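Source file upload_32.txt; content: compact mmCIF, C-alpha atoms.
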# COMPACT_ATOMS: atom_id res chain seq x y z
CA MET P 1 -56.95 66.04 39.74
CA SER P 2 -59.49 68.67 38.74
CA LEU P 3 -60.90 68.79 35.23
CA TYR P 4 -59.15 72.15 34.97
CA ASP P 5 -55.77 70.42 35.27
CA GLU P 6 -56.86 67.47 33.16
CA LEU P 7 -57.78 69.78 30.29
CA GLY P 8 -54.35 71.37 30.48
CA GLY P 9 -54.64 74.15 33.03
CA ALA P 10 -54.65 77.87 32.31
CA ALA P 11 -53.57 77.65 28.66
CA ALA P 12 -56.35 75.20 27.81
CA ILE P 13 -58.92 77.43 29.49
CA ASP P 14 -57.91 80.28 27.21
CA ALA P 15 -58.95 78.14 24.24
CA ALA P 16 -62.05 76.79 25.95
CA VAL P 17 -63.33 80.23 26.91
CA ASP P 18 -63.11 81.39 23.27
CA ILE P 19 -65.28 78.45 22.19
CA PHE P 20 -67.72 79.08 25.03
CA TYR P 21 -67.97 82.84 24.44
CA ARG P 22 -68.61 82.29 20.72
CA LYS P 23 -71.46 79.94 21.62
CA VAL P 24 -73.20 82.36 24.01
CA LEU P 25 -72.74 85.25 21.54
CA ALA P 26 -74.44 83.15 18.89
CA ASP P 27 -77.21 81.99 21.23
CA ASP P 28 -80.30 84.18 20.67
CA ARG P 29 -81.67 83.26 24.08
CA VAL P 30 -78.82 85.00 25.93
CA SER P 31 -76.61 86.83 23.42
CA GLU P 32 -77.97 90.26 24.44
CA PHE P 33 -76.36 89.85 27.87
CA PHE P 34 -72.95 89.06 26.43
CA ASP P 35 -72.86 91.42 23.48
CA THR P 36 -71.23 94.44 25.10
CA THR P 37 -68.90 97.11 23.84
CA ASP P 38 -66.22 95.84 26.18
CA MET P 39 -65.77 92.33 24.84
CA GLU P 40 -62.41 91.91 26.54
CA ALA P 41 -63.88 92.50 29.99
CA GLN P 42 -66.80 90.21 29.22
CA HIS P 43 -64.38 87.55 27.98
CA ALA P 44 -62.38 87.80 31.22
CA LYS P 45 -65.58 87.28 33.22
CA GLN P 46 -66.45 84.18 31.21
CA LYS P 47 -62.96 82.88 31.85
CA ALA P 48 -63.37 83.39 35.59
CA PHE P 49 -66.68 81.52 35.44
CA LEU P 50 -65.18 78.61 33.47
CA THR P 51 -62.25 78.41 35.87
CA VAL P 52 -64.66 78.00 38.80
CA ALA P 53 -66.84 75.51 36.90
CA LEU P 54 -63.84 73.34 36.02
CA GLY P 55 -62.36 73.44 39.51
CA GLY P 56 -59.38 75.64 38.72
CA PRO P 57 -57.76 78.08 41.16
CA ASN P 58 -60.37 80.54 42.34
CA ASN P 59 -61.65 82.43 45.33
CA TYR P 60 -65.28 82.17 44.41
CA THR P 61 -67.68 83.27 47.13
CA GLY P 62 -70.83 83.89 45.13
CA LYS P 63 -71.02 87.49 46.34
CA ASP P 64 -69.66 88.99 43.11
CA MET P 65 -71.76 86.62 41.03
CA ARG P 66 -74.89 87.77 42.85
CA GLU P 67 -73.97 91.44 42.58
CA ALA P 68 -73.09 91.25 38.87
CA HIS P 69 -76.41 89.69 37.89
CA LYS P 70 -78.61 91.68 40.26
CA HIS P 71 -80.41 93.97 37.82
CA MET P 72 -80.50 91.70 34.79
CA ASN P 73 -83.91 90.08 35.43
CA LEU P 74 -82.63 86.65 34.53
CA ASN P 75 -84.83 83.58 34.66
CA GLU P 76 -84.23 79.86 34.71
CA GLY P 77 -84.40 79.74 30.90
CA HIS P 78 -81.40 82.06 30.66
CA PHE P 79 -79.47 80.02 33.19
CA ASN P 80 -80.21 76.77 31.38
CA ALA P 81 -79.24 78.26 28.02
CA VAL P 82 -75.78 79.17 29.31
CA ALA P 83 -75.44 75.74 30.93
CA GLU P 84 -76.29 74.12 27.59
CA ASP P 85 -73.70 76.26 25.82
CA LEU P 86 -71.16 75.13 28.38
CA ILE P 87 -72.08 71.49 27.84
CA ALA P 88 -71.71 71.94 24.06
CA THR P 89 -68.30 73.54 24.66
CA LEU P 90 -67.11 70.60 26.76
CA GLU P 91 -68.45 68.12 24.19
CA GLU P 92 -66.50 69.96 21.51
CA LEU P 93 -63.39 69.50 23.66
CA ASN P 94 -64.13 65.76 23.90
CA VAL P 95 -64.69 65.83 27.65
CA PRO P 96 -66.31 62.54 28.77
CA GLN P 97 -69.95 62.68 29.86
CA ALA P 98 -69.17 61.76 33.47
CA LYS P 99 -66.85 64.76 33.75
CA ILE P 100 -69.40 67.03 32.09
CA ASP P 101 -71.91 65.94 34.73
CA GLU P 102 -69.42 66.92 37.43
CA VAL P 103 -69.00 70.37 35.90
CA ILE P 104 -72.73 70.91 35.62
CA ALA P 105 -73.08 69.93 39.27
CA VAL P 106 -70.65 72.75 40.15
CA VAL P 107 -72.46 75.19 37.87
CA ALA P 108 -75.77 74.28 39.51
CA THR P 109 -74.41 75.53 42.83
CA THR P 110 -74.10 79.04 41.32
CA LYS P 111 -77.74 79.14 40.22
CA ASN P 112 -79.19 80.93 43.25
CA ASP P 113 -76.50 83.60 43.07
CA VAL P 114 -76.89 84.16 39.32
CA LEU P 115 -80.69 84.38 39.54
CA ASN P 116 -80.55 86.28 42.86
CA LEU P 117 -82.93 83.83 44.50
CA MET T 1 -38.51 92.35 52.61
CA ALA T 2 -39.15 93.85 49.18
CA ASP T 3 -40.35 97.35 48.47
CA ILE T 4 -43.04 98.23 45.99
CA ILE T 5 -42.62 101.63 44.38
CA PHE T 6 -46.20 102.30 43.30
CA GLU T 7 -46.71 105.42 41.21
CA GLY T 8 -43.83 107.17 42.93
CA ARG T 9 -44.52 106.19 46.56
CA VAL T 10 -42.79 103.46 48.55
CA TYR T 11 -44.78 100.60 50.09
CA THR T 12 -43.57 97.49 51.88
CA CYS T 13 -44.27 93.96 50.75
CA GLN T 14 -43.98 91.20 53.32
CA PRO T 15 -42.52 87.81 52.45
CA GLY T 16 -45.11 85.77 50.57
CA GLU T 17 -47.47 88.71 50.27
CA SER T 18 -48.86 89.58 46.85
CA VAL T 19 -48.43 93.03 45.33
CA LEU T 20 -52.22 93.38 45.41
CA ASP T 21 -52.52 92.53 49.11
CA ALA T 22 -49.54 94.71 50.04
CA LEU T 23 -50.90 97.77 48.25
CA ILE T 24 -54.41 97.33 49.62
CA ARG T 25 -53.06 96.76 53.15
CA GLN T 26 -51.33 100.13 52.93
CA GLY T 27 -54.38 102.02 51.74
CA CYS T 28 -54.07 102.01 47.93
CA GLU T 29 -57.29 101.63 46.01
CA ILE T 30 -56.63 98.79 43.60
CA ALA T 31 -59.51 96.99 41.91
CA SER T 32 -59.61 93.27 42.48
CA GLY T 33 -61.87 90.35 41.71
CA CYS T 34 -61.11 86.65 41.63
CA ARG T 35 -57.61 86.91 43.16
CA ALA T 36 -56.74 83.83 41.15
CA GLY T 37 -55.05 85.38 38.12
CA VAL T 38 -58.09 85.15 35.91
CA CYS T 39 -60.46 88.14 35.93
CA GLN T 40 -57.83 90.80 35.10
CA ALA T 41 -59.37 93.35 37.50
CA CYS T 42 -56.03 93.85 39.31
CA VAL T 43 -53.72 93.95 36.27
CA LEU T 44 -50.88 96.46 36.80
CA LEU T 45 -47.66 97.22 34.97
CA MET T 46 -44.08 96.95 36.25
CA ASP T 47 -40.68 98.02 35.03
CA GLU T 48 -38.95 94.77 36.06
CA GLN T 49 -39.54 92.58 33.03
CA GLU T 50 -38.11 89.40 34.55
CA ILE T 51 -40.39 89.51 37.58
CA ALA T 52 -43.43 90.45 35.47
CA ARG T 53 -42.85 87.40 33.22
CA GLY T 54 -43.74 85.01 36.03
CA CYS T 55 -47.23 86.47 36.57
CA GLN T 56 -48.62 86.92 33.05
CA GLN T 57 -50.32 83.62 32.29
CA GLY T 58 -53.59 84.43 30.54
CA LEU T 59 -52.72 87.96 29.45
CA SER T 60 -52.64 88.80 25.75
CA PRO T 61 -49.31 88.83 23.90
CA ALA T 62 -49.54 92.64 23.72
CA GLN T 63 -50.13 92.96 27.46
CA GLN T 64 -47.17 90.65 28.11
CA LYS T 65 -44.92 92.72 25.88
CA LEU T 66 -45.96 95.86 27.80
CA ASN T 67 -45.04 94.18 31.14
CA HIS T 68 -48.59 93.98 32.46
CA PHE T 69 -48.98 91.44 35.25
CA PHE T 70 -51.52 90.05 37.71
CA ALA T 71 -50.97 91.92 41.00
CA CYS T 72 -52.73 89.10 42.86
CA GLN T 73 -50.24 86.53 41.55
CA CYS T 74 -47.02 88.48 42.07
CA ARG T 75 -45.00 87.90 45.25
CA PRO T 76 -41.79 89.81 44.63
CA ASP T 77 -38.56 89.17 46.52
CA ALA T 78 -36.88 92.27 45.12
CA THR T 79 -37.94 95.88 44.77
CA VAL T 80 -40.42 96.47 41.97
CA HIS T 81 -41.67 99.64 40.26
CA VAL T 82 -45.38 99.38 39.61
CA ARG T 83 -48.08 101.52 37.99
CA ARG T 84 -51.63 101.23 36.77
CA PRO T 85 -51.61 100.66 32.98
CA ALA T 86 -53.58 103.91 32.51
CA ASN T 87 -50.69 105.77 34.19
CA ALA T 88 -48.05 104.06 32.09
CA GLY T 89 -46.57 107.14 30.53
CA GLY T 90 -45.18 110.40 31.79
CA ARG T 91 -45.71 113.97 30.72
CA VAL T 92 -43.19 115.36 28.24
CA SER T 93 -42.83 118.51 26.22
CA GLY T 94 -42.69 118.35 22.42
CA ILE T 95 -42.25 120.76 19.55
CA LEU T 96 -44.40 120.78 16.43
CA ARG T 97 -41.98 120.37 13.49
CA CYS T 98 -44.36 120.31 10.56
CA ARG T 99 -47.95 119.84 9.53
CA GLU T 100 -49.58 118.94 6.24
CA GLN T 101 -53.14 118.47 5.14
CA VAL T 102 -53.59 114.95 3.74
CA ALA T 103 -57.39 114.79 3.26
CA PRO T 104 -60.20 117.38 3.44
CA ASP T 105 -60.42 117.14 7.21
CA ILE T 106 -57.26 115.21 8.14
CA TYR T 107 -53.86 116.67 9.00
CA ARG T 108 -50.56 114.88 9.53
CA LEU T 109 -48.37 116.36 12.26
CA TYR T 110 -44.77 115.61 13.16
CA VAL T 111 -43.83 116.39 16.75
CA SER T 112 -40.34 116.20 18.17
CA ALA T 113 -40.42 114.62 21.64
CA GLN T 114 -38.38 112.27 23.81
CA MET T 115 -40.65 109.34 24.46
CA ASP T 116 -40.15 105.58 24.51
CA TYR T 117 -43.14 103.93 22.93
CA GLN T 118 -44.31 100.96 20.94
CA PRO T 119 -45.69 101.80 17.47
CA GLY T 120 -49.50 101.87 17.58
CA GLN T 121 -49.71 103.26 21.11
CA TYR T 122 -51.29 106.65 21.75
CA VAL T 123 -50.54 109.89 23.53
CA THR T 124 -52.73 112.59 25.02
CA ILE T 125 -51.96 116.09 23.79
CA PHE T 126 -52.77 119.04 26.03
CA LYS T 127 -53.74 122.51 24.90
CA ASP T 128 -53.65 123.84 28.47
CA GLN T 129 -53.39 122.31 31.94
CA THR T 130 -56.60 120.31 31.69
CA THR T 131 -57.81 120.18 28.08
CA GLY T 132 -56.40 117.11 26.39
CA ARG T 133 -57.36 114.61 23.70
CA SER T 134 -55.75 111.32 22.71
CA TYR T 135 -54.17 110.56 19.35
CA SER T 136 -52.47 107.42 18.09
CA LEU T 137 -48.89 107.24 16.85
CA ALA T 138 -48.21 106.34 13.22
CA SER T 139 -44.43 106.63 13.61
CA HIS T 140 -41.83 104.01 14.46
CA PRO T 141 -39.13 104.76 17.07
CA GLU T 142 -36.44 103.61 14.62
CA GLU T 143 -37.40 106.32 12.13
CA SER T 144 -35.63 109.65 12.31
CA SER T 145 -35.54 112.84 10.34
CA SER T 146 -32.23 114.77 10.38
CA GLY T 147 -31.21 112.73 13.39
CA GLU T 148 -34.35 113.68 15.29
CA ARG T 149 -36.98 111.21 16.43
CA LEU T 150 -40.41 112.46 15.45
CA LEU T 151 -43.85 111.37 16.56
CA GLU T 152 -46.28 111.16 13.64
CA LEU T 153 -49.92 111.92 14.40
CA HIS T 154 -52.97 111.98 12.15
CA ILE T 155 -55.55 114.46 13.37
CA LYS T 156 -59.11 114.54 12.16
CA GLN T 157 -60.48 118.01 12.48
CA HIS T 158 -63.79 118.39 14.26
CA GLU T 159 -65.27 121.87 13.67
CA SER T 160 -66.14 122.49 17.30
CA GLY T 161 -63.58 120.09 18.81
CA ALA T 162 -61.65 121.11 21.91
CA LEU T 163 -58.22 120.25 20.47
CA SER T 164 -58.32 119.51 16.76
CA PRO T 165 -58.93 123.03 15.32
CA TRP T 166 -56.06 124.27 17.48
CA LEU T 167 -53.77 121.42 16.42
CA CYS T 168 -54.71 121.72 12.74
CA HIS T 169 -54.50 125.53 12.44
CA ASP T 170 -53.50 127.61 15.46
CA LEU T 171 -50.46 125.77 16.75
CA GLN T 172 -47.47 126.81 14.64
CA PRO T 173 -44.34 124.83 13.75
CA GLY T 174 -41.66 125.58 16.35
CA GLU T 175 -44.19 125.97 19.15
CA SER T 176 -44.30 123.52 22.01
CA VAL T 177 -47.01 121.12 23.12
CA SER T 178 -47.45 119.05 26.26
CA LEU T 179 -47.87 115.30 25.76
CA LEU T 180 -48.77 112.46 28.12
CA GLY T 181 -47.98 108.89 27.20
CA PRO T 182 -47.48 106.42 25.80
CA MET T 183 -50.63 104.39 26.48
CA GLY T 184 -52.56 101.60 24.80
CA ASN T 185 -52.21 97.92 23.97
CA CYS T 186 -52.62 97.94 20.20
CA ILE T 187 -49.05 96.98 19.35
CA TYR T 188 -47.33 94.39 17.16
CA SER T 189 -46.98 91.32 19.35
CA ALA T 190 -47.76 88.52 16.90
CA ASN T 191 -45.77 85.42 16.17
CA PRO T 192 -43.79 85.98 12.90
CA GLN T 193 -45.51 82.92 11.40
CA GLN T 194 -49.01 84.18 12.17
CA PRO T 195 -51.00 85.69 9.27
CA LEU T 196 -52.08 89.25 10.04
CA LEU T 197 -55.22 91.17 9.20
CA LEU T 198 -55.01 94.92 9.81
CA ALA T 199 -58.24 96.85 9.26
CA GLY T 200 -58.95 100.48 9.95
CA ILE T 201 -61.16 103.38 8.93
CA GLY T 202 -60.45 107.10 8.90
CA THR T 203 -57.50 108.12 11.06
CA GLY T 204 -57.49 104.57 12.43
CA LEU T 205 -54.85 104.33 9.74
CA ALA T 206 -52.38 106.01 12.13
CA PRO T 207 -52.03 103.17 14.68
CA LEU T 208 -52.41 100.66 11.85
CA LEU T 209 -49.39 102.19 10.12
CA GLY T 210 -47.46 102.01 13.37
CA VAL T 211 -48.26 98.32 13.80
CA LEU T 212 -47.51 97.61 10.14
CA LYS T 213 -44.12 99.35 10.29
CA ASP T 214 -43.22 97.36 13.39
CA ALA T 215 -44.30 94.06 11.80
CA LEU T 216 -42.09 94.82 8.79
CA HIS T 217 -39.30 96.01 11.08
CA HIS T 218 -39.42 92.62 12.81
CA GLN T 219 -39.43 90.90 9.40
CA HIS T 220 -42.83 89.34 9.86
CA GLN T 221 -42.84 86.13 7.81
CA ALA T 222 -46.49 85.27 7.21
CA SER T 223 -48.95 87.22 5.06
CA ILE T 224 -50.07 90.70 6.08
CA ASN T 225 -53.36 92.00 4.72
CA VAL T 226 -54.19 95.66 5.26
CA LEU T 227 -57.74 96.93 4.68
CA VAL T 228 -58.23 100.69 4.81
CA GLY T 229 -61.79 102.00 4.70
CA ALA T 230 -63.14 105.47 4.02
CA THR T 231 -66.58 106.89 3.36
CA GLU T 232 -65.54 108.40 0.04
CA PRO T 233 -62.38 108.50 -2.09
CA SER T 234 -61.25 111.90 -0.76
CA GLY T 235 -61.04 110.37 2.74
CA LEU T 236 -58.17 108.08 1.74
CA TYR T 237 -54.65 109.28 2.46
CA CYS T 238 -51.12 107.83 2.78
CA THR T 239 -52.10 105.58 -0.11
CA GLU T 240 -48.80 105.97 -1.96
CA GLN T 241 -46.83 105.23 1.18
CA LEU T 242 -48.83 102.04 1.77
CA LEU T 243 -48.63 100.92 -1.86
CA GLY T 244 -44.89 101.58 -1.76
CA LEU T 245 -44.54 99.32 1.26
CA ALA T 246 -46.65 96.65 -0.46
CA ALA T 247 -44.44 96.84 -3.57
CA ALA T 248 -41.35 96.34 -1.41
CA HIS T 249 -42.70 93.39 0.63
CA ALA T 250 -44.02 90.29 -1.13
CA ASN T 251 -46.05 89.19 1.91
CA LEU T 252 -47.90 92.52 2.22
CA GLN T 253 -51.16 93.26 0.45
CA VAL T 254 -52.96 96.59 0.82
CA GLU T 255 -56.52 97.32 -0.24
CA PHE T 256 -58.60 100.48 -0.01
CA LEU T 257 -62.35 100.23 0.40
CA ILE T 258 -64.75 103.04 -0.36
CA GLN T 259 -68.13 102.82 1.27
CA ASN T 260 -69.88 105.12 -1.16
CA ASN T 261 -68.41 106.29 -4.46
CA ARG T 262 -71.42 108.44 -5.22
CA ASN T 263 -69.67 110.69 -7.73
CA ASN T 264 -68.40 107.66 -9.63
CA GLN T 265 -64.81 108.77 -9.35
CA ALA T 266 -62.26 106.66 -11.20
CA LEU T 267 -60.62 104.37 -8.62
CA ASP T 268 -57.09 103.01 -8.85
CA PRO T 269 -56.62 99.22 -8.99
CA ALA T 270 -56.01 98.92 -5.24
CA THR T 271 -59.29 100.71 -4.45
CA ARG T 272 -62.81 99.35 -4.72
CA GLU T 273 -66.29 100.26 -3.60
CA ALA T 274 -67.23 97.80 -0.86
CA ASP T 275 -68.67 97.52 2.60
CA ILE T 276 -65.67 96.79 4.82
CA TYR T 277 -67.57 94.34 7.07
CA GLN T 278 -68.92 92.38 4.15
CA TYR T 279 -65.62 92.48 2.28
CA CYS T 280 -63.82 91.18 5.34
CA ALA T 281 -66.37 88.39 5.90
CA GLU T 282 -66.17 87.28 2.27
CA ASN T 283 -62.41 87.46 1.85
CA PHE T 284 -61.38 86.30 5.33
CA PRO T 285 -64.08 83.76 6.25
CA ASP T 286 -61.76 81.79 8.52
CA LEU T 287 -59.59 83.85 10.86
CA LYS T 288 -58.44 80.97 13.03
CA GLY T 289 -54.81 81.57 13.90
CA TYR T 290 -54.78 85.17 12.65
CA GLY T 291 -53.43 88.17 14.48
CA VAL T 292 -56.06 90.88 13.99
CA TYR T 293 -55.62 94.64 14.46
CA LEU T 294 -58.67 96.91 14.33
CA CYS T 295 -58.41 100.69 14.56
CA GLY T 296 -60.84 103.56 14.14
CA ALA T 297 -64.25 104.68 15.37
CA GLU T 298 -65.56 102.80 18.38
CA SER T 299 -68.62 101.50 16.46
CA PHE T 300 -66.39 100.08 13.72
CA VAL T 301 -63.99 98.43 16.15
CA GLY T 302 -66.82 96.91 18.21
CA LYS T 303 -68.68 95.47 15.23
CA MET T 304 -65.52 94.24 13.55
CA ARG T 305 -64.12 92.67 16.72
CA LYS T 306 -67.27 90.62 17.16
CA GLN T 307 -67.22 89.59 13.51
CA CYS T 308 -63.55 88.57 13.63
CA PHE T 309 -63.96 86.70 16.92
CA LEU T 310 -66.97 84.77 15.59
CA GLY T 311 -64.88 84.21 12.44
CA GLY T 312 -62.39 82.21 14.47
CA ALA T 313 -59.74 84.67 15.71
CA ALA T 314 -58.75 84.08 19.35
CA MET T 315 -59.77 86.93 21.64
CA ALA T 316 -56.17 87.35 22.83
CA ASP T 317 -55.05 87.76 19.20
CA ILE T 318 -57.41 90.66 18.45
CA SER T 319 -55.84 94.02 19.25
CA THR T 320 -57.91 97.16 19.00
CA ASP T 321 -57.59 100.92 19.16
CA ALA T 322 -61.08 102.41 19.39
CA PHE T 323 -61.47 106.16 18.93
CA ILE T 324 -64.03 107.87 21.08
CA VAL T 325 -65.12 111.36 20.06
CA PHE T 326 -65.28 113.68 23.06
CA GLY T 327 -65.95 116.92 21.15

Output the file's structure in the form of structure tokens.
Amino acid sequence: MSLYDELGGAAAIDAAVDIFYRKVLADDRVSEFFDTTDMEAQHAKQKAFLTVALGGPNNYTGKDMREAHKHMNLNEGHFNAVAEDLIATLEELNVPQAKIDEVIAVVATTKNDVLNL
Amino acid sequence: MADIIFEGRVYTCQPGESVLDALIRQGCEIASGCRAGVCQACVLLMDEQEIARGCQQGLSPAQQKLNHFFACQCRPDATVHVRRPANAGGRVSGILRCREQVAPDIYRLYVSAQMDYQPGQYVTIFKDQTTGRSYSLASHPEESSSGERLLELHIKQHESGALSPWLCHDLQPGESVSLLGPMGNCIYSANPQQPLLLAGIGTGLAPLLGVLKDALHHQHQASINVLVGATEPSGLYCTEQLLGLAAAHANLQVEFLIQNNRNNQALDPATREADIYQYCAENFPDLKGYGVYLCGAESFVGKMRKQCFLGGAAMADISTDAFIVFG
């Protein structure tokens, strides 16, 4: 069973993504990248990211991830900041540490695409 | 095999094939992303409510009410009628019935037209074949005047605007106008037990009134707080109508906020000088569980949406109608 299903599937992700998006918006290290006029679209992207990270239904190939972050000049600090916000989100949802480690392992696989390495 | 009628043309859909795949296979340009019912890139709208219901997980209550659905998740076994949400409405002809000036640069127009809409949605009005601007509806479909259903619009006049001087002065009662619509997601879709915060500035009051009328029409149970902002006292309008509604409904509270009362005009008890962002933050510090409606200038809606979201409102429970000035 994926963590996605364990947390309660699609409905639970809707709640989790709100917590996560609030954290990145409040995080001075990365908020500028998330603070757009189209918050709904940005929110949908964060939800897609969380769904992949938690092992929910997705068709993630990395191509879109790479394309979307291409011109943003992101560095490892930005990537780690978002990962920390995700960890804090999962802790708030009382996800056990072992499961959080699993999620972070999945997120780590997206690093090269996000940073266009 | 099911057919998909997409914006007036017939396409086939093979057994087990999604609406998205079927349309793309036959040459339609439909945006797509995750193909997992998450990213909302491929969201379309269909007439068949029952079929749409099965493919709406993750959409906002307003989108669900408007029969939006994930094209990537929908595998129909019966014929469906599908459109892009932006092409939701059709073009109809209306007649201007009356017009009144309600503030120095704001006019209220009543237009007779046959259109099914949800209060708070908007229409585009055309002056000629190509010149159109969008305006939100303040009316409720259940309202009628002498047996006629009228669309109520609040138009802010822009001196060199493409449409507003014509709508506010040149177009005469009895003359016809071309309308396209309805469009927009800012509609009453809350749970009756959910407290509501409705905030708007300027003619953002129009969609806000529409939403408010519909909430009252559906006998909304929880509290409803309406905040109406204006730069100065003369910019407020429809105040008596709103105060009348508040007097008739115990759960409704209406407040008017003036950004700058520089001439020190006497303000009535429901009106105060206050910054709407600050007032909202101080009086509604915790918006968890609220249904929030924000209408008016794009800058106001953007700033307020962020504030309300950080204040605890769920993203899916924040509905907005942002006005963009095109000139």

Q) Could you tell me, as an NGL selection string, which residues have any atom at most 9 Å from (-39.4, 93.1, 40.4), counting only C-alpha atoms? A) :T and (2 or 4 or 46-52 or 76-82)

Q | Residues within 12 Å of (-66.0, 117.2, 10.8), file coords, only C-alpha atoms, listed as a ChimeraX atom specification | A | /T:103-106,155-161,164-165,202,235,325,327

**Q.** Nearby residues (all atoms listed in the file) at most 12 Å from Ala26 of chain P, same-chain spacing under 4 positions excluded, as an MDAnalysis selection string
**A.** (chainID P and resid 19:22 30:35 81:82 85) or (chainID T and resid 306:307 309:311)

Selection export as a compact mmCIF listing (two decimals), in the coordinates of the input, atoms kept: C-alpha atoms:
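After the write, again.txt holds the following:
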# COMPACT_ATOMS: atom_id res chain seq x y z
CA ILE P 19 -65.28 78.45 22.19
CA PHE P 20 -67.72 79.08 25.03
CA TYR P 21 -67.97 82.84 24.44
CA ARG P 22 -68.61 82.29 20.72
CA VAL P 30 -78.82 85.00 25.93
CA SER P 31 -76.61 86.83 23.42
CA GLU P 32 -77.97 90.26 24.44
CA PHE P 33 -76.36 89.85 27.87
CA PHE P 34 -72.95 89.06 26.43
CA ASP P 35 -72.86 91.42 23.48
CA ALA P 81 -79.24 78.26 28.02
CA VAL P 82 -75.78 79.17 29.31
CA ASP P 85 -73.70 76.26 25.82
CA LYS T 306 -67.27 90.62 17.16
CA GLN T 307 -67.22 89.59 13.51
CA PHE T 309 -63.96 86.70 16.92
CA LEU T 310 -66.97 84.77 15.59
CA GLY T 311 -64.88 84.21 12.44

If we count only C-alpha atoms and set the cut-off at 12 Å, which residues sit around Pro61 of chain T, ignoring sequence neighbours fewer than 5 positions away in its own chain? Please answer as an mmCIF file with C-alpha atoms, in the coordinates of the input.
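The result, stored in selection.cif:
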data_model
loop_
_atom_site.group_PDB
_atom_site.id
_atom_site.type_symbol
_atom_site.label_atom_id
_atom_site.label_comp_id
_atom_site.auth_asym_id
_atom_site.auth_seq_id
_atom_site.Cartn_x
_atom_site.Cartn_y
_atom_site.Cartn_z
ATOM 1 C CA ARG T 53 -42.850 87.400 33.220
ATOM 2 C CA GLN T 56 -48.620 86.920 33.050
ATOM 3 C CA LEU T 66 -45.960 95.860 27.800
ATOM 4 C CA ASN T 67 -45.040 94.180 31.140
ATOM 5 C CA HIS T 68 -48.590 93.980 32.460
ATOM 6 C CA PHE T 69 -48.980 91.440 35.250
ATOM 7 C CA ASN T 185 -52.210 97.920 23.970
ATOM 8 C CA CYS T 186 -52.620 97.940 20.200
ATOM 9 C CA ILE T 187 -49.050 96.980 19.350
ATOM 10 C CA TYR T 188 -47.330 94.390 17.160
ATOM 11 C CA SER T 189 -46.980 91.320 19.350
ATOM 12 C CA ALA T 190 -47.760 88.520 16.900
ATOM 13 C CA ASN T 191 -45.770 85.420 16.170
ATOM 14 C CA GLY T 291 -53.430 88.170 14.480
ATOM 15 C CA ALA T 314 -58.750 84.080 19.350
ATOM 16 C CA MET T 315 -59.770 86.930 21.640
ATOM 17 C CA ALA T 316 -56.170 87.350 22.830
ATOM 18 C CA ASP T 317 -55.050 87.760 19.200
ATOM 19 C CA ILE T 318 -57.410 90.660 18.450
ATOM 20 C CA SER T 319 -55.840 94.020 19.250
#

Q: Give the answer as one residue: which of T:Ser32, T:Thr231, T:Thr131, T:Gln40 has the shortest atom-to-atom distance to chain P, using only C-alpha atoms?
A: T:Gln40

Q: At a cut-off of 9 Å, list the chain P residues touching chain T, using only C-alpha atoms, as a ChimeraX atom specification.
A: /P:10-11,13-15,18,22-23,25-26,35-41,43-48,51,56-60,64

Q) Can you tell me, as a VMD selection string, what residues are no more than 10 Å from segment 276-287 of chain T when counting all atoms listed in the file, ignoring any on the same chain fewer than 2 positions away? A) chain T and resid 195 to 197 199 to 201 225 227 to 230 256 to 259 273 to 274 289 to 292 300 303 to 304 307 to 314

Q: Grab the atom CA of Val177 of chain T to atom CA of Arg83 of chain T distance for me, in Å with one decimal place.
A: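 Calculated distance between atom CA of Val177 of chain T and atom CA of Arg83 of chain T is 24.6 Å.
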
Q: For His71 of chain P, please output as a ChimeraX atom specification all residues within 12 Å (counting all atoms listed in the file; exclusion window: fewer than 6 positions along the same chain).
A: /P:33,65,114-116

**Q.** atom CA of Cys42 of chain T to atom CA of Arg84 of chain T, distance in Å rounded to a single decimal
**A.** 9.0 Å

**Q.** All residues 9 Å or closer to Phe326 of chain T, all atoms listed in the file, same chain fewer than 2 positions away omitted, as a list of chain:residue names
**A.**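 Answer for this query is T:Arg133, T:Gly161, T:Ala162, T:Ile324.
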
Q: Can you work out the spacing between atom CA of Tyr107 of chain T and atom CA of Cys168 of chain T in Å, to one decimal?
A: 6.3 Å

Q) P:Leu117, P:Val17, P:Gly77, P:Ser2: which is nearest Leu90 of chain P, counting only C-alpha atoms? A)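 Once distances to Leu90 of chain P are computed over only C-alpha atoms, the minimum belongs to P:Val17.
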
Q) Which one is closest to Gly8 of chain P: P:Leu54, P:Ala88, P:Ala108, P:Met72? Count all atoms listed in the file. A) P:Leu54
